[in-house]
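Peer 1: For reference, the structure I am asking about is given below.
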Number of protein chains: 2
Amino acid sequence: MSVLPEVLAANETYAAGFGDLGSLALPPARHFAILTCMDARLDPAKYAGLSEGDAHVIRNAGGRASDDAIRSLVISYKLLGTAEFFVVHHTECGMEFFTDDVMRGLLASSLETAALGEDGFHDVGTGPGSTEGAYVDWLTIADADQAVVDDVTRIRNHPLVPAGIPVYGYVYDVKSGRLVEVEAATSIGAAQ
Amino acid sequence: MSVLPEVLAANETYAAGFGDLGSLALPPARHFAILTCMDARLDPAKYAGLSEGDAHVIRNAGGRASDDAIRSLVISYKLLGTAEFFVVHHTECGMEFFTDDVMRGLLASSLETAALGEDGFHDVGTGPGSTEGAYVDWLTIADADQAVVDDVTRIRNHPLVPAGIPVYGYVYDVKSGRLVEVEAATSIGAAQ
């Protein structure tokens with residue numbers, strides 16, 4: 001059964017209590033942006049205390065500093081005035097549970113959802129698959145803290161990101177809801 | 001003044017009331033994913049009625065079906081079992097207020113935040129800038145509904161996205177909080 005009716009009903013309720021949120025300005029009122037993972041357990045508005053209008057939120061698989069995330073961050077500061085960036089990955093991220101080779105093999109086998117067993121993902125589909133997965137860098141994560149350091153480093157060193165923007169590196173603990181600083185990442189942002 | 005202390009204080013409050021959220025499973029409980037804009041006024045958990053653990057949320061500048069958004073959607077369905085996708089753009093999107101040429105000119109001029117006047121963005125920085133912006137497709141939006149159609153079409157036709165996944169196209173109205181269907185987009189998803 002589709003989730004569509006539930007989503008639209010929830011939206012009706014939200015819109016009915018919208019109040020004066022319709023008068024919010026386009027630029028983020030609190031002048032910052034968060035890059036974080038798409039993971040369903042993460043609600044950045046809740047874990048970082050955001051109200052509508054406060055901050056840009058950029059999310060992808062892993063919360064990685066992909067070219068597209070950097071496109072978004074550059075638009076965020078250059079056109080809309082954000083002045084601080086957060087990179088927030090999290091514990092138990094799905095991106096730690098596979099590699100490019102695994103993903104490419106699974107997609108070549110079928111385009112149906114794989115099963116996750118004790119020893120990783122297994123394809124249970126009947127095909128057809130696609131070899132297009134071989135041309136994608138899936139941006140998997142081998143070491144959680146290092147991935148935050150890598151992403152903060154990439155943003156910090158990007159030629160379109162000015163040195164004056166602090167870039168903070170954190171890991172969100174899905175068991176406790178707490179943001180834990182990756183000091184080696186934040187210090188990259190602070191050093192410049 | 002940095003927002004960091006405020007964000008960490010809000011996170012302490014959230015974590016203190018975390019309750020049994022720490023037992024949530026990795027795969028989204030409601031088996032769907034939303035691709036939407038990073039715009040600060042949008043809170044997808046609120047506008048679509050999501051609790052922690054429910055759905056993947058992918059966000060970038062414009063809510064565009066970039067290569068990175070598709071990477072995330074493919075991981076979402078292939079490894080974590082989502083079975084429906086929403087593309088949700090919004091009214092008054094910043095991506096409608098500039099072009100690649102404008103952005104490239106602004107970045108070449110300086111890496112400081114531009115000012116938005118009646119006739120568009122103006123650079124007020126003193127440089128130096130960077131010509132790196134010329135190598136980025138900024139994925140600007142000329143027509144709001146058409147951009148939803150384009151993004152749904154790209155996802156629908158991508159070789160790594162199976163035909164069985166419905167792809168719904170919506171525009172969120174920032175004045176009312178309502179999701180308005182872009183019928184021409186949703187029908188692309190439904191037709192296959």
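Each chain of the structure tokens is named A, B, ... in the order shown, its residues numbered from 1; ligands are numbered from 1 in display order.
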Where in range 15-87 of chain B does DSSP assign alpha helix (DSSP H), given as a PyMOL selection string?

Peer 2: chain B and resi 15-16+44-47+67-80

Peer 1: Contacts between chain B and chain A, please, where a residue of chain A counts if it comes within 6 Å (with only C-alpha atoms); show its shortest atom pair and distance in Å to one decimal, rows by chain and ascending number, as a Markdown table.

Peer 2:
| residue | atom | partner | partner_atom | distance |
| --- | --- | --- | --- | --- |
| A:Val7 | CA | B:Ala48 | CA | 5.1 |
| A:Ala10 | CA | B:Gly49 | CA | 5.0 |
| A:Asn11 | CA | B:Tyr47 | CA | 5.1 |
| A:Tyr14 | CA | B:Tyr47 | CA | 6.0 |
| A:Ala15 | CA | B:Gly177 | CA | 4.7 |
| A:Gly22 | CA | B:Lys175 | CA | 3.9 |
| A:Pro28 | CA | B:Ala40 | CA | 5.5 |
| A:Met38 | CA | B:Val57 | CA | 4.8 |
| A:Asp39 | CA | B:His56 | CA | 5.5 |
| A:Ala40 | CA | B:Gly53 | CA | 4.5 |
| A:Arg41 | CA | B:Gly53 | CA | 4.1 |
| A:Tyr47 | CA | B:Asn11 | CA | 5.1 |
| A:Ala48 | CA | B:Val7 | CA | 5.1 |
| A:Gly49 | CA | B:Ala10 | CA | 5.0 |
| A:Glu52 | CA | B:Arg41 | CA | 4.7 |
| A:Gly53 | CA | B:Arg41 | CA | 4.1 |
| A:Asp54 | CA | B:Ala40 | CA | 5.6 |
| A:Ala55 | CA | B:Ala40 | CA | 4.8 |
| A:His56 | CA | B:Ala40 | CA | 4.7 |
| A:Val57 | CA | B:Met38 | CA | 4.8 |
| A:Ile58 | CA | B:Arg59 | CA | 4.7 |
| A:Arg59 | CA | B:Arg59 | CA | 4.6 |
| A:Asn60 | CA | B:Ile58 | CA | 5.1 |
| A:Ala61 | CA | B:Ser72 | CA | 4.9 |
| A:Ser72 | CA | B:Ala61 | CA | 4.9 |
| A:Lys78 | CA | B:Thr113 | CA | 4.2 |
| A:Leu79 | CA | B:Ala114 | CA | 5.5 |
| A:Gly81 | CA | B:Thr113 | CA | 5.5 |
| A:Leu111 | CA | B:Pro162 | CA | 5.8 |
| A:Thr113 | CA | B:Lys78 | CA | 4.2 |
| A:Ala114 | CA | B:Leu79 | CA | 5.5 |
| A:Pro162 | CA | B:Leu111 | CA | 5.8 |
| A:Val174 | CA | B:Gly22 | CA | 5.8 |
| A:Lys175 | CA | B:Gly22 | CA | 3.9 |
| A:Ser176 | CA | B:Gly22 | CA | 5.9 |
| A:Gly177 | CA | B:Ala15 | CA | 4.7 |
| A:Arg178 | CA | B:Ala15 | CA | 5.5 |

Peer 1: Between A:Val88, A:Ala65, A:Ile188, A:Met1, single out the one closest to Ile155 in chain A, counting only C-alpha atoms.

Peer 2: A:Ala65

Peer 1: Report the distance between CA of Ala184 in chain A and CA of Val167 in chain A in Å, rounded to one decimal place.

Peer 2: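 Spanning CA of Ala184 in chain A to CA of Val167 in chain A is a straight-line distance of 11.4 Å.
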
Peer 1: What separation in Å, quoted to one decimal, exists between CA of Val102 in chain A and CA of Asp143 in chain A?

Peer 2: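 Interatomic distance, CA of Val102 in chain A to CA of Asp143 in chain A: 17.1 Å.
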
Peer 1: Which polymer residues have any atom within 8 Å of an atom of Thr153 in chain A, counting only C-alpha atoms, with same-chain residues fewer than 2 positions away left out, as a PyMOL selection string?

Peer 2: chain A and resi 149-151+155-157+185+188-189

Peer 1: What does the file look like for those residues with N, CA and C atoms, as a PDB file, in the first residue's frame?

Peer 2:
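Saved result, result-v3.pdb, follows:
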ATOM      1  N   VAL A 149      36.837  13.498   8.746  1.00  0.00           N
ATOM      2  CA  VAL A 149      38.065  14.262   8.481  1.00  0.00           C
ATOM      3  C   VAL A 149      38.221  14.483   6.979  1.00  0.00           C
ATOM      4  N   ASP A 150      38.008  13.434   6.194  1.00  0.00           N
ATOM      5  CA  ASP A 150      38.162  13.554   4.741  1.00  0.00           C
ATOM      6  C   ASP A 150      37.185  14.586   4.173  1.00  0.00           C
ATOM      7  N   ASP A 151      35.943  14.534   4.634  1.00  0.00           N
ATOM      8  CA  ASP A 151      34.929  15.433   4.069  1.00  0.00           C
ATOM      9  C   ASP A 151      35.164  16.887   4.486  1.00  0.00           C
ATOM     10  N   ILE A 155      36.059  20.035   1.872  1.00  0.00           N
ATOM     11  CA  ILE A 155      35.341  21.320   1.865  1.00  0.00           C
ATOM     12  C   ILE A 155      36.312  22.463   2.160  1.00  0.00           C
ATOM     13  N   ARG A 156      37.130  22.265   3.191  1.00  0.00           N
ATOM     14  CA  ARG A 156      38.075  23.308   3.607  1.00  0.00           C
ATOM     15  C   ARG A 156      39.028  23.699   2.480  1.00  0.00           C
ATOM     16  N   ASN A 157      39.459  22.702   1.705  1.00  0.00           N
ATOM     17  CA  ASN A 157      40.447  22.950   0.652  1.00  0.00           C
ATOM     18  C   ASN A 157      39.837  23.286  -0.699  1.00  0.00           C
ATOM     19  N   ALA A 185      38.833  16.740  12.720  1.00  0.00           N
ATOM     20  CA  ALA A 185      38.147  17.362  11.582  1.00  0.00           C
ATOM     21  C   ALA A 185      37.904  18.845  11.843  1.00  0.00           C
ATOM     22  N   ILE A 188      40.774  21.226  11.413  1.00  0.00           N
ATOM     23  CA  ILE A 188      41.118  21.597  10.035  1.00  0.00           C
ATOM     24  C   ILE A 188      40.411  22.901   9.674  1.00  0.00           C
ATOM     25  N   GLY A 189      39.121  22.955  10.061  1.00  0.00           N
ATOM     26  CA  GLY A 189      38.350  24.153   9.762  1.00  0.00           C
ATOM     27  C   GLY A 189      38.839  25.357  10.533  1.00  0.00           C
TER      28      GLY A 189
END
